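Peer 1: Okay, so here is work-v8.cif, and as you'll see once you scroll down, it has mmCIF, C-alpha atoms and all ligand atoms.
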data_model
loop_
_atom_site.label_atom_id
_atom_site.label_comp_id
_atom_site.auth_asym_id
_atom_site.auth_seq_id
_atom_site.Cartn_x
_atom_site.Cartn_y
_atom_site.Cartn_z
CA MET A 243 0.00 0.00 0.00
CA SER A 244 1.42 3.36 -0.92
CA VAL A 245 2.20 5.93 1.73
CA LEU A 246 -0.37 8.26 0.26
CA ARG A 247 -3.04 5.56 0.49
CA LYS A 248 -2.08 4.90 4.10
CA VAL A 249 -2.21 8.61 4.93
CA ILE A 250 -5.65 8.90 3.38
CA ASN A 251 -6.82 5.78 5.20
CA GLN A 252 -5.72 7.17 8.51
CA LEU A 253 -7.29 10.55 7.76
CA GLU A 254 -10.56 8.80 6.95
CA THR A 255 -10.73 7.03 10.31
CA PRO A 256 -14.42 7.08 11.34
CA ARG A 257 -15.22 9.62 14.02
CA ASP A 258 -16.09 7.04 16.68
CA GLN A 259 -12.70 5.38 16.24
CA ARG A 260 -10.72 8.53 16.87
CA PRO A 261 -11.60 9.92 20.28
CA LEU A 262 -9.62 12.85 21.68
CA GLY A 263 -6.22 11.59 22.73
CA SER A 264 -5.97 8.98 20.01
CA GLY A 265 -3.40 11.03 18.11
CA TRP A 266 -5.62 11.50 15.08
CA LEU A 267 -6.29 15.21 15.51
CA SER A 268 -2.64 16.04 16.26
CA GLY A 269 -1.63 13.92 13.27
CA ALA A 270 -4.04 15.64 10.92
CA LEU A 271 -3.02 19.10 12.17
CA ALA A 272 0.65 18.13 11.91
CA LEU A 273 0.12 17.17 8.30
CA LEU A 274 -1.64 20.46 7.65
CA ALA A 275 1.10 22.51 9.31
CA SER A 276 3.89 20.64 7.57
CA LEU A 277 2.24 21.01 4.16
CA ALA A 278 1.65 24.72 4.79
CA GLY A 279 5.30 25.09 5.77
CA LEU A 280 6.44 23.21 2.69
CA LEU A 281 4.27 25.38 0.47
CA MET A 282 5.71 28.55 2.00
CA VAL A 283 9.23 27.29 1.46
CA LEU A 284 8.48 26.27 -2.12
CA LEU A 285 7.11 29.72 -2.82
CA ARG A 286 10.38 31.19 -1.60
CA TRP A 287 12.47 28.74 -3.56
CA PHE A 288 10.71 29.19 -6.83
CA PRO A 289 9.63 32.83 -6.92
CA GLU A 290 9.17 32.69 -10.70
CA THR A 291 6.18 30.41 -10.25
CA LEU A 292 4.57 33.19 -8.23
CA SER A 293 2.69 35.22 -10.74
CA TYR A 294 0.39 36.71 -8.18
CA PRO A 295 1.77 40.06 -7.09
CA GLU A 296 -0.67 40.05 -4.16
CA ILE A 297 1.40 37.43 -2.37
CA ALA A 298 4.84 38.53 -3.52
CA PHE A 299 5.44 39.88 -0.01
CA ILE A 300 6.13 36.31 1.01
CA GLN A 301 9.57 36.62 -0.59
CA ASP A 302 11.18 38.99 1.79
CA SER A 303 8.95 39.77 4.69
CA GLY A 304 10.45 39.21 8.13
CA ALA A 305 7.00 38.45 9.48
CA VAL A 306 6.67 35.60 7.01
CA THR A 307 9.99 34.21 8.19
CA VAL A 308 8.70 34.18 11.74
CA ALA A 309 5.42 32.64 10.59
CA LEU A 310 7.26 29.97 8.65
CA ARG A 311 9.31 29.01 11.68
CA PHE A 312 6.20 28.89 13.77
CA VAL A 313 4.36 26.71 11.26
CA LEU A 314 7.26 24.27 10.93
CA LEU A 315 7.70 24.12 14.67
CA ALA A 316 3.99 23.39 15.05
CA GLY A 317 4.36 20.65 12.43
CA TYR A 318 7.16 19.04 14.44
CA ALA A 319 5.44 19.33 17.79
CA LEU A 320 2.11 18.00 16.56
CA ALA A 321 3.78 15.17 14.67
CA LEU A 322 5.60 14.13 17.83
CA ILE A 323 2.40 14.28 19.86
CA SER A 324 0.67 12.14 17.28
CA LEU A 325 3.54 9.64 17.23
CA ILE A 326 3.39 9.38 20.99
CA LEU A 327 -0.37 9.01 21.19
CA SER A 328 -1.31 7.03 18.14
CA THR A 329 -0.83 3.36 17.48
CA ARG A 330 -1.03 4.12 13.75
CA LYS A 331 1.96 6.24 12.98
CA THR A 332 1.68 6.99 9.28
CA LEU A 333 0.31 10.51 9.75
CA GLY A 334 2.92 11.37 12.35
CA TRP A 335 5.89 10.11 10.35
CA THR A 336 4.65 11.68 7.14
CA ALA A 337 4.15 15.07 8.78
CA LEU A 338 7.55 14.79 10.44
CA ALA A 339 9.21 13.93 7.14
CA ILE A 340 7.56 16.83 5.34
CA SER A 341 8.51 19.24 8.15
CA VAL A 342 12.09 18.08 7.97
CA VAL A 343 12.28 18.47 4.19
CA ALA A 344 10.76 21.93 4.48
CA SER A 345 13.18 22.93 7.26
CA LEU A 346 16.19 21.67 5.36
CA MET A 347 15.05 23.52 2.26
CA ALA A 348 14.41 26.65 4.28
CA THR A 349 17.84 26.69 5.87
CA SER A 350 19.69 25.83 2.71
CA GLN A 351 18.13 28.62 0.70
CA PRO A 352 20.72 31.39 0.50
CA THR A 353 18.33 34.31 0.45
CA PHE A 354 16.34 33.05 3.38
CA GLY A 355 16.75 36.03 5.66
CA GLY A 356 16.44 36.28 9.41
CA GLY A 357 19.45 34.19 10.40
CA THR A 358 18.10 30.68 10.31
CA SER A 359 21.54 29.34 9.64
CA GLN A 360 21.82 28.02 13.18
CA SER A 361 20.77 24.54 14.11
CA LEU A 362 17.24 23.53 13.30
CA TYR A 363 14.84 22.58 15.98
CA PHE A 364 15.59 20.57 19.13
CA GLY A 365 18.21 18.25 17.73
CA LEU A 366 15.96 17.10 14.92
CA ASP A 367 18.63 18.07 12.45
CA TYR A 368 21.00 15.84 14.35
CA PHE A 369 18.53 12.97 14.14
CA ILE A 370 17.91 13.41 10.41
CA ILE A 371 21.57 13.67 9.55
CA ASN A 372 22.35 10.63 11.67
CA VAL A 373 19.63 8.51 10.18
CA LEU A 374 20.50 9.57 6.65
CA ILE A 375 24.21 8.90 6.98
CA VAL A 376 23.97 5.71 9.00
CA GLY A 377 20.97 4.43 7.06
CA PHE A 378 22.53 5.10 3.67
CA LEU A 379 25.64 3.32 4.80
CA PHE A 380 24.11 0.26 6.44
CA VAL A 381 20.92 -0.43 4.48
CA PRO A 382 22.85 -1.29 1.28
CA LEU A 383 25.42 -3.31 3.27
CA GLU A 384 22.61 -5.28 4.88
CA ARG A 385 21.03 -5.92 1.51
CA PHE A 386 24.21 -7.06 -0.19
CA PHE A 387 25.76 -9.00 2.70
CA PRO A 388 22.90 -10.10 4.91
CA ALA A 389 23.38 -12.45 7.82
CA ARG A 390 19.68 -13.26 7.46
CA SER A 391 18.58 -12.73 3.90
CA GLU A 392 14.87 -13.15 4.61
CA GLN A 393 14.83 -10.04 6.82
CA THR A 394 13.43 -6.89 5.21
CA VAL A 395 14.53 -3.30 5.78
CA PHE A 396 11.20 -2.42 7.31
CA ARG A 397 11.07 -5.38 9.68
CA PRO A 398 8.55 -5.59 12.53
CA GLU A 399 8.90 -2.85 15.16
CA TRP A 400 11.24 -0.73 13.03
CA GLN A 401 9.06 2.28 13.79
CA GLU A 402 9.53 1.81 17.52
CA ASP A 403 13.29 1.63 17.11
CA MET A 404 13.27 4.68 14.86
CA PHE A 405 11.40 6.44 17.64
CA TYR A 406 14.14 5.41 20.10
CA TYR A 407 16.63 6.86 17.69
CA LEU A 408 14.66 10.09 17.49
CA ILE A 409 14.28 10.49 21.25
CA SER A 410 17.91 9.82 22.06
CA SER A 411 19.07 12.17 19.31
CA MET A 412 16.84 14.87 20.69
CA MET A 413 18.03 14.21 24.22
CA VAL A 414 21.63 14.57 23.14
CA GLN A 415 22.03 18.01 24.72
CA VAL A 416 20.41 17.09 28.01
CA LEU A 417 22.22 13.78 28.19
CA GLY A 418 25.51 15.47 27.39
CA PHE A 419 25.09 17.62 30.46
CA ILE A 420 24.08 14.74 32.73
CA THR A 421 26.69 12.36 31.46
CA LEU A 422 29.54 14.78 32.05
CA ALA A 423 28.60 15.36 35.68
CA PRO A 424 30.61 12.46 37.20
CA ALA A 425 33.67 13.27 35.09
CA ASN A 426 33.48 16.91 36.16
CA MET A 427 33.28 15.81 39.78
CA VAL A 428 36.37 13.65 39.44
CA ASN A 429 38.21 16.43 37.65
CA ALA A 430 37.46 18.78 40.52
CA GLN A 431 38.63 16.27 43.15
CA VAL A 432 41.67 14.56 41.71
CA ALA A 433 44.91 16.11 40.54
CA LEU A 434 46.18 14.06 37.62
CA ASP A 435 48.22 16.75 35.91
CA ASP A 436 51.49 14.81 35.55
CA PHE A 437 49.69 11.85 34.11
CA ARG A 438 47.67 14.02 31.75
CA ILE A 439 50.80 15.56 30.29
CA HIS A 440 51.97 12.09 29.26
CA ILE A 441 48.63 11.30 27.68
CA VAL A 442 48.23 14.55 25.79
CA ASN A 443 51.61 14.12 24.11
CA LEU A 444 50.81 10.70 22.69
CA PRO A 445 50.06 10.39 18.96
CA PHE A 446 46.43 10.86 17.96
CA LEU A 447 45.83 7.24 16.99
CA VAL A 448 47.35 5.91 20.20
CA GLN A 449 45.10 8.21 22.20
CA VAL A 450 42.04 6.98 20.32
CA ILE A 451 43.01 3.35 20.96
CA ILE A 452 43.61 4.02 24.66
CA ILE A 453 40.21 5.71 24.92
CA MET A 454 38.59 2.73 23.22
CA ALA A 455 40.33 0.25 25.52
CA ALA A 456 39.61 2.21 28.70
CA THR A 457 35.96 2.93 27.92
CA ASP A 458 35.39 -0.64 26.80
CA LEU A 459 36.74 -1.97 30.09
CA VAL A 460 34.31 0.27 31.98
CA GLN A 461 31.56 -0.58 29.51
CA TYR A 462 32.20 -4.31 29.97
CA TRP A 463 31.57 -4.18 33.72
CA VAL A 464 28.66 -1.76 33.55
CA HIS A 465 27.09 -3.97 30.89
CA ARG A 466 27.73 -7.09 32.96
CA ALA A 467 26.17 -5.43 36.01
CA PHE A 468 23.10 -4.61 33.92
CA HIS A 469 22.79 -8.33 33.23
CA MET A 470 23.55 -9.57 36.75
CA VAL A 471 21.62 -7.16 39.00
CA PRO A 472 17.90 -7.94 38.66
CA PHE A 473 16.81 -4.31 39.06
CA LEU A 474 19.23 -3.16 36.37
CA TRP A 475 18.29 -6.06 34.10
CA ARG A 476 14.73 -4.71 33.98
CA PHE A 477 16.15 -1.69 32.13
CA HIS A 478 18.61 -3.59 29.97
CA ALA A 479 16.04 -6.23 28.99
CA ILE A 480 14.53 -3.57 26.75
CA HIS A 481 17.70 -3.44 24.65
CA HIS A 482 17.50 -7.21 24.42
CA SER A 483 13.80 -7.35 23.58
CA THR A 484 14.41 -6.88 19.86
CA LYS A 485 13.83 -10.07 17.90
CA LYS A 486 15.30 -8.81 14.65
CA MET A 487 18.82 -7.48 14.57
CA ASP A 488 19.80 -4.64 12.26
CA TRP A 489 21.55 -1.25 12.27
CA LEU A 490 18.53 0.32 13.94
CA ALA A 491 18.11 -2.29 16.68
CA GLY A 492 20.94 -0.90 18.79
CA ALA A 493 19.01 2.33 19.28
CA ARG A 494 16.52 0.56 21.52
CA MET A 495 17.80 1.39 24.97
CA HIS A 496 16.12 2.80 28.05
CA LEU A 497 17.03 6.45 28.72
CA MET A 498 18.17 5.58 32.25
CA GLU A 499 20.59 3.02 30.87
CA ILE A 500 21.90 5.47 28.29
CA ALA A 501 22.54 8.05 31.02
CA VAL A 502 24.30 5.58 33.35
CA LEU A 503 26.32 3.94 30.60
CA ARG A 504 27.42 7.19 29.02
CA SER A 505 28.34 8.91 32.26
CA LEU A 506 30.43 5.99 33.49
CA THR A 507 32.16 5.37 30.17
CA ALA A 508 32.81 9.10 29.89
CA LEU A 509 34.79 8.95 33.12
CA PRO A 510 38.09 7.68 31.71
CA MET A 511 37.58 9.70 28.55
CA PHE A 512 37.22 13.06 30.22
CA THR A 513 39.47 12.62 33.23
CA LEU A 514 42.68 11.22 31.78
CA GLY A 515 43.54 14.27 29.72
CA PHE A 516 43.03 13.20 26.11
CA ARG A 517 43.07 15.79 23.37
CA PRO A 518 39.61 16.90 22.19
CA GLU A 519 40.34 15.65 18.65
CA ALA A 520 41.04 12.18 20.03
CA ILE A 521 37.78 12.21 21.97
CA GLN A 522 35.89 13.33 18.88
CA GLY A 523 37.60 10.66 16.80
CA TYR A 524 36.57 8.05 19.33
CA LEU A 525 32.97 9.29 19.45
CA LEU A 526 32.75 9.10 15.68
CA ILE A 527 34.08 5.54 15.64
CA VAL A 528 31.73 4.45 18.41
CA TYR A 529 28.81 5.94 16.65
CA PHE A 530 29.26 3.79 13.57
CA TYR A 531 30.57 0.85 15.51
CA SER A 532 27.44 0.37 17.58
CA SER A 533 25.27 0.45 14.46
CA PHE A 534 27.69 -1.95 12.81
CA ILE A 535 27.69 -4.62 15.53
CA HIS A 536 23.89 -4.71 15.57
CA ALA A 537 23.59 -4.70 11.79
CA ASN A 538 22.28 -7.63 9.79
CA ILE A 539 25.65 -8.02 8.08
CA GLY A 540 26.94 -11.55 7.59
CA TRP A 541 30.60 -10.80 6.84
CA LYS A 542 33.04 -13.58 7.61
CA LEU A 543 35.81 -11.64 9.25
CA GLY A 544 38.12 -14.55 10.08
CA PHE A 545 40.98 -13.78 12.43
CA LEU A 546 39.74 -10.21 12.93
CA GLU A 547 36.97 -11.68 15.06
CA ARG A 548 39.58 -12.52 17.67
CA PHE A 549 40.59 -8.91 18.09
CA PHE A 550 37.49 -6.87 17.38
CA VAL A 551 33.84 -7.15 18.22
CA THR A 552 31.94 -8.00 15.03
CA PRO A 553 28.25 -8.28 14.19
CA ARG A 554 28.40 -12.05 14.77
CA PHE A 555 29.98 -11.55 18.20
CA HIS A 556 27.36 -9.06 19.35
CA HIS A 557 24.53 -11.00 17.73
CA TRP A 558 25.52 -13.88 19.99
CA HIS A 559 25.17 -11.51 22.90
CA HIS A 560 21.59 -10.88 21.77
CA GLY A 561 20.86 -14.57 21.21
CA SER A 562 18.13 -16.22 23.24
CA ASP A 563 19.51 -19.74 22.71
CA ARG A 564 20.58 -21.47 25.89
CA ASP A 565 24.33 -21.19 25.22
CA ALA A 566 23.99 -17.50 24.34
CA ILE A 567 22.96 -16.19 27.75
CA ASP A 568 25.19 -13.74 29.64
CA ILE A 569 28.13 -13.79 27.25
CA ASN A 570 30.08 -11.36 25.02
CA TYR A 571 29.72 -8.13 26.97
CA ALA A 572 32.52 -6.21 25.27
CA SER A 573 31.61 -3.75 22.58
CA HIS A 574 35.03 -3.17 21.00
CA PHE A 575 37.56 -5.76 22.18
CA PRO A 576 36.56 -9.41 22.80
CA ILE A 577 39.72 -9.80 24.88
CA TYR A 578 37.79 -8.57 27.91
CA ASP A 579 35.41 -11.48 27.54
CA TRP A 580 38.38 -13.85 27.24
CA LEU A 581 39.93 -12.37 30.37
CA PHE A 582 36.79 -12.44 32.45
CA GLY A 583 35.45 -15.79 31.24
CA THR A 584 32.40 -14.74 29.24
CA HIS A 585 33.62 -15.26 25.67
CA HIS A 586 31.42 -17.33 23.37
CA LEU A 587 31.94 -17.50 19.62
CA PRO A 588 31.38 -20.77 17.74
CA GLU A 589 33.42 -21.23 14.55
CA THR A 590 30.90 -19.96 12.04
CA ASP A 591 27.39 -20.21 13.46
CA TRP A 592 24.94 -17.47 14.23
CA PRO A 593 22.41 -17.70 17.05
CA GLU A 594 19.04 -19.24 16.18
CA ASN A 595 16.85 -16.61 17.82
CA TYR A 596 17.09 -13.21 19.44
CA GLY A 597 15.20 -11.71 22.32
CA VAL A 598 14.54 -12.07 26.02
CA VAL A 599 13.92 -15.50 27.48
CA GLY A 600 10.38 -15.43 28.85
CA ASP A 601 9.60 -12.52 26.54
CA ASN A 602 8.06 -10.32 29.24
CA VAL A 603 8.99 -6.94 27.74
CA PRO A 604 5.97 -5.08 26.35
CA LYS A 605 5.94 -3.54 22.87
CA GLY A 606 6.14 0.20 22.20
CA TYR A 607 8.30 3.03 23.48
CA TRP A 608 6.21 4.27 26.39
CA LYS A 609 5.24 0.85 27.71
CA GLN A 610 8.91 -0.05 27.63
CA PHE A 611 9.80 3.23 29.31
CA ILE A 612 7.73 2.42 32.39
CA HIS A 613 8.34 -1.34 32.25
CA PRO A 614 11.34 -1.32 34.65
CA PHE A 615 9.30 0.49 37.30
CA VAL A 616 6.20 -1.71 37.34
CA LYS A 617 5.76 -5.20 38.65
CA ASP A 618 5.19 -7.96 36.11
CA LYS A 619 1.69 -9.26 35.98
CA PRO A 620 1.71 -12.90 37.04
CA LYS A 621 1.62 -15.05 33.91
CA PRO A 622 -1.43 -17.25 33.42
CA PRO A 623 -0.41 -20.83 34.14
CA THR A 624 0.46 -22.69 30.97
CA ALA A 625 -0.97 -26.10 30.38
ZN ZN A 701 23.33 -6.96 27.09
ZN ZN A 702 23.20 -4.72 21.62
#
Here is a file; write its structure as structure tokens.

Peer 2:
Amino acid sequence: MSVLRKVINQLETPRDQRPLGSGWLSGALALLASLAGLLMVLLRWFPETLSYPEIAFIQDSGAVTVALRFVLLAGYALALISLILSTRKTLGWTALAISVVASLMATSQPTFGGGTSQSLYFGLDYFIINVLIVGFLFVPLERFFPARSEQTVFRPEWQEDMFYYLISSMMVQVLGFITLAPANMVNAQVALDDFRIHIVNLPFLVQVIIIMAATDLVQYWVHRAFHMVPFLWRFHAIHHSTKKMDWLAGARMHLMEIAVLRSLTALPMFTLGFRPEAIQGYLLIVYFYSSFIHANIGWKLGFLERFFVTPRFHHWHHGSDRDAIDINYASHFPIYDWLFGTHHLPETDWPENYGVVGDNVPKGYWKQFIHPFVKDKPKPPTA
């Protein structure tokens, strides 16, 4: 079914099936706002199509610039509300996509006055750029070299995981602040100046490798704790609840876990005195690396698998088979799993199934958000 058909279907939802709070109204208004925004931008882009002098003011009026921003912002906000409320997400995603296209067009138009050259709205630009770059890189790789060839790009629950991606991209500013708090505390307490001078003088690549090794050691133990401590597992189980692995699956992670994991792994990074370029280099690598190890890519990497975490290694971590439980915690260097006795990588096999044993994690972002805080309903006895 085409997107247009789906949009129309959702718009035509009978009145009794769309009570207030169902996300229909916000979705419809979002679509309206985003289309209005797109139209305004198009009129600015192609002034020659504007043969009506009555509306020529739209070209250069400051008030129109303000109105355009307002309309696009409304499109974003309403689309998000609709995505949160509605179980059918076509309207929300469509409005969001149109708003994004309109915003990108608006900011890239040279004569667009009023100083809109700064970042777009609330980290949405960050999200779009991420998804475009990472998606364009990994979707073709997954199609050409699939580990599971039957899996489609738009596999079940991809929308939920895209929503995770969206939320964590938008939270990037807030999270950045929270996650640096422990490192700032350590910096204020501990004098490491002599040590830092040694670090800062090391070559760039060596610094990046040290950051990777140090953060992965911290990450290993934090990750292992999230598996071993029942209260923490309730959060981490959400990351493991995905039954299809691909580049998007890694985005599924509870905000609390993201905050804890990032702040603790940031500790060595921001206290040992690395150069900012090295930290940025590391962050860039990690960004692609975490998409890579979740991706549905079936490369046979031979001896490299001994030294680096590969998709197959991390897929085993996500396996729900009996011999795939509580293994392979490292995210860069499998040596930590060798050292601490959790390494598991059969010669060539991939795990049979993915997911959480018992499968008690609900579906959908908000249900999963509150899942760690609520008691499980007792399961009906099975015959
Ligand atoms: Zn895990
Ligand atoms: Zn994972």

Peer 1: Using all atoms listed in the file, which protein or nucleic acid residues are at most 8 Å from ligand ZN 702 (chain A), as a PDB file with C-alpha atoms, keeping the file's coordinate frame?

Peer 2:
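Okay, result.pdb is ready:
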ATOM      1  CA  HIS A 481      17.700  -3.440  24.650  1.00  0.00           C
ATOM      2  CA  HIS A 482      17.500  -7.210  24.420  1.00  0.00           C
ATOM      3  CA  ALA A 491      18.110  -2.290  16.680  1.00  0.00           C
ATOM      4  CA  GLY A 492      20.940  -0.900  18.790  1.00  0.00           C
ATOM      5  CA  SER A 532      27.440   0.370  17.580  1.00  0.00           C
ATOM      6  CA  ILE A 535      27.690  -4.620  15.530  1.00  0.00           C
ATOM      7  CA  HIS A 536      23.890  -4.710  15.570  1.00  0.00           C
ATOM      8  CA  HIS A 556      27.360  -9.060  19.350  1.00  0.00           C
ATOM      9  CA  HIS A 557      24.530 -11.000  17.730  1.00  0.00           C
ATOM     10  CA  HIS A 559      25.170 -11.510  22.900  1.00  0.00           C
ATOM     11  CA  HIS A 560      21.590 -10.880  21.770  1.00  0.00           C
TER      12      HIS A 560
END

Peer 1: Atom CA of Trp335 of chain A and atom CA of Met282 of chain A are how many Å apart?

Peer 2: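 According to the coordinates, atom CA of Trp335 of chain A and atom CA of Met282 of chain A are separated by 20.2 Å.
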
Peer 1: Extract, using only C-alpha atoms, all DNA, RNA and protein residues at most 10 Å from segment 562-572 of chain A, discarding same-chain residues fewer than 3 positions from it, and format them as a PyMOL selection string.

Peer 2: chain A and resi 458-466+469-470+482-483+485+550-551+555-559+575-580+582-587+593-601

Peer 1: For the residues in the current selection, export C-alpha atoms as a PDB file, in the coordinates of the input.

Peer 2:
ATOM      1  CA  ASP A 458      35.390  -0.640  26.800  1.00  0.00           C
ATOM      2  CA  LEU A 459      36.740  -1.970  30.090  1.00  0.00           C
ATOM      3  CA  VAL A 460      34.310   0.270  31.980  1.00  0.00           C
ATOM      4  CA  GLN A 461      31.560  -0.580  29.510  1.00  0.00           C
ATOM      5  CA  TYR A 462      32.200  -4.310  29.970  1.00  0.00           C
ATOM      6  CA  TRP A 463      31.570  -4.180  33.720  1.00  0.00           C
ATOM      7  CA  VAL A 464      28.660  -1.760  33.550  1.00  0.00           C
ATOM      8  CA  HIS A 465      27.090  -3.970  30.890  1.00  0.00           C
ATOM      9  CA  ARG A 466      27.730  -7.090  32.960  1.00  0.00           C
ATOM     10  CA  HIS A 469      22.790  -8.330  33.230  1.00  0.00           C
ATOM     11  CA  MET A 470      23.550  -9.570  36.750  1.00  0.00           C
ATOM     12  CA  HIS A 482      17.500  -7.210  24.420  1.00  0.00           C
ATOM     13  CA  SER A 483      13.800  -7.350  23.580  1.00  0.00           C
ATOM     14  CA  LYS A 485      13.830 -10.070  17.900  1.00  0.00           C
ATOM     15  CA  PHE A 550      37.490  -6.870  17.380  1.00  0.00           C
ATOM     16  CA  VAL A 551      33.840  -7.150  18.220  1.00  0.00           C
ATOM     17  CA  PHE A 555      29.980 -11.550  18.200  1.00  0.00           C
ATOM     18  CA  HIS A 556      27.360  -9.060  19.350  1.00  0.00           C
ATOM     19  CA  HIS A 557      24.530 -11.000  17.730  1.00  0.00           C
ATOM     20  CA  TRP A 558      25.520 -13.880  19.990  1.00  0.00           C
ATOM     21  CA  HIS A 559      25.170 -11.510  22.900  1.00  0.00           C
ATOM     22  CA  PHE A 575      37.560  -5.760  22.180  1.00  0.00           C
ATOM     23  CA  PRO A 576      36.560  -9.410  22.800  1.00  0.00           C
ATOM     24  CA  ILE A 577      39.720  -9.800  24.880  1.00  0.00           C
ATOM     25  CA  TYR A 578      37.790  -8.570  27.910  1.00  0.00           C
ATOM     26  CA  ASP A 579      35.410 -11.480  27.540  1.00  0.00           C
ATOM     27  CA  TRP A 580      38.380 -13.850  27.240  1.00  0.00           C
ATOM     28  CA  PHE A 582      36.790 -12.440  32.450  1.00  0.00           C
ATOM     29  CA  GLY A 583      35.450 -15.790  31.240  1.00  0.00           C
ATOM     30  CA  THR A 584      32.400 -14.740  29.240  1.00  0.00           C
ATOM     31  CA  HIS A 585      33.620 -15.260  25.670  1.00  0.00           C
ATOM     32  CA  HIS A 586      31.420 -17.330  23.370  1.00  0.00           C
ATOM     33  CA  LEU A 587      31.940 -17.500  19.620  1.00  0.00           C
ATOM     34  CA  PRO A 593      22.410 -17.700  17.050  1.00  0.00           C
ATOM     35  CA  GLU A 594      19.040 -19.240  16.180  1.00  0.00           C
ATOM     36  CA  ASN A 595      16.850 -16.610  17.820  1.00  0.00           C
ATOM     37  CA  TYR A 596      17.090 -13.210  19.440  1.00  0.00           C
ATOM     38  CA  GLY A 597      15.200 -11.710  22.320  1.00  0.00           C
ATOM     39  CA  VAL A 598      14.540 -12.070  26.020  1.00  0.00           C
ATOM     40  CA  VAL A 599      13.920 -15.500  27.480  1.00  0.00           C
ATOM     41  CA  GLY A 600      10.380 -15.430  28.850  1.00  0.00           C
ATOM     42  CA  ASP A 601       9.600 -12.520  26.540  1.00  0.00           C
TER      43      ASP A 601
END

Peer 1: Between atom CA of Ser244 of chain A and atom CA of Ile340 of chain A, what is the distance in Å, rounded to a tenth?

Peer 2: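 Value for the atom CA of Ser244 of chain A-atom CA of Ile340 of chain A distance: 16.1 Å.
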
Peer 1: Rank A:Thr484, A:Gln449, A:Ser533, A:Thr307 by their smallest atom-to-atom distance to ligand ZN 701 (chain A), using all atoms listed in the file, and report the top residue only.

Peer 2: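 Among the listed residues, the smallest separation from ligand ZN 701 (chain A) belongs to A:Thr484.
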
Peer 1: Kindly give the distance, in Å, that separates atom CA of Val450 of chain A and atom CA of Tyr524 of chain A, rounded to a single decimal.

Peer 2: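 These two atoms are separated by 5.7 Å.
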
Peer 1: Using all atoms listed in the file, determine which residues lie at most 12 Å from Glu254 of chain A, disregarding the query and same-chain residues fewer than 4 positions distant; provide the list as a compact mmCIF listing (two decimals) with C-alpha atoms, in the frame of the given file.

Peer 2:
# COMPACT_ATOMS: atom_id res chain seq x y z
CA ARG A 247 -3.04 5.56 0.49
CA LYS A 248 -2.08 4.90 4.10
CA VAL A 249 -2.21 8.61 4.93
CA ILE A 250 -5.65 8.90 3.38
CA ASP A 258 -16.09 7.04 16.68
CA GLN A 259 -12.70 5.38 16.24
CA ARG A 260 -10.72 8.53 16.87
CA TRP A 266 -5.62 11.50 15.08
CA LEU A 267 -6.29 15.21 15.51
CA ALA A 270 -4.04 15.64 10.92
CA LEU A 333 0.31 10.51 9.75

Peer 1: Name all residues at most 7 Å from Ala275 of chain A (count all atoms listed in the file; drop same-chain ones fewer than 5 positions away) and give them as a list in words.

Peer 2: Val313, Leu314, Ala316 and Gly317 of chain A

Peer 1: Produce a file of the selected residues containing C-alpha atoms, as a PDB file, keeping the file's coordinate frame.

Peer 2:
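The result, written out as result.pdb:
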ATOM      1  CA  VAL A 313       4.360  26.710  11.260  1.00  0.00           C
ATOM      2  CA  LEU A 314       7.260  24.270  10.930  1.00  0.00           C
ATOM      3  CA  ALA A 316       3.990  23.390  15.050  1.00  0.00           C
ATOM      4  CA  GLY A 317       4.360  20.650  12.430  1.00  0.00           C
TER       5      GLY A 317
END
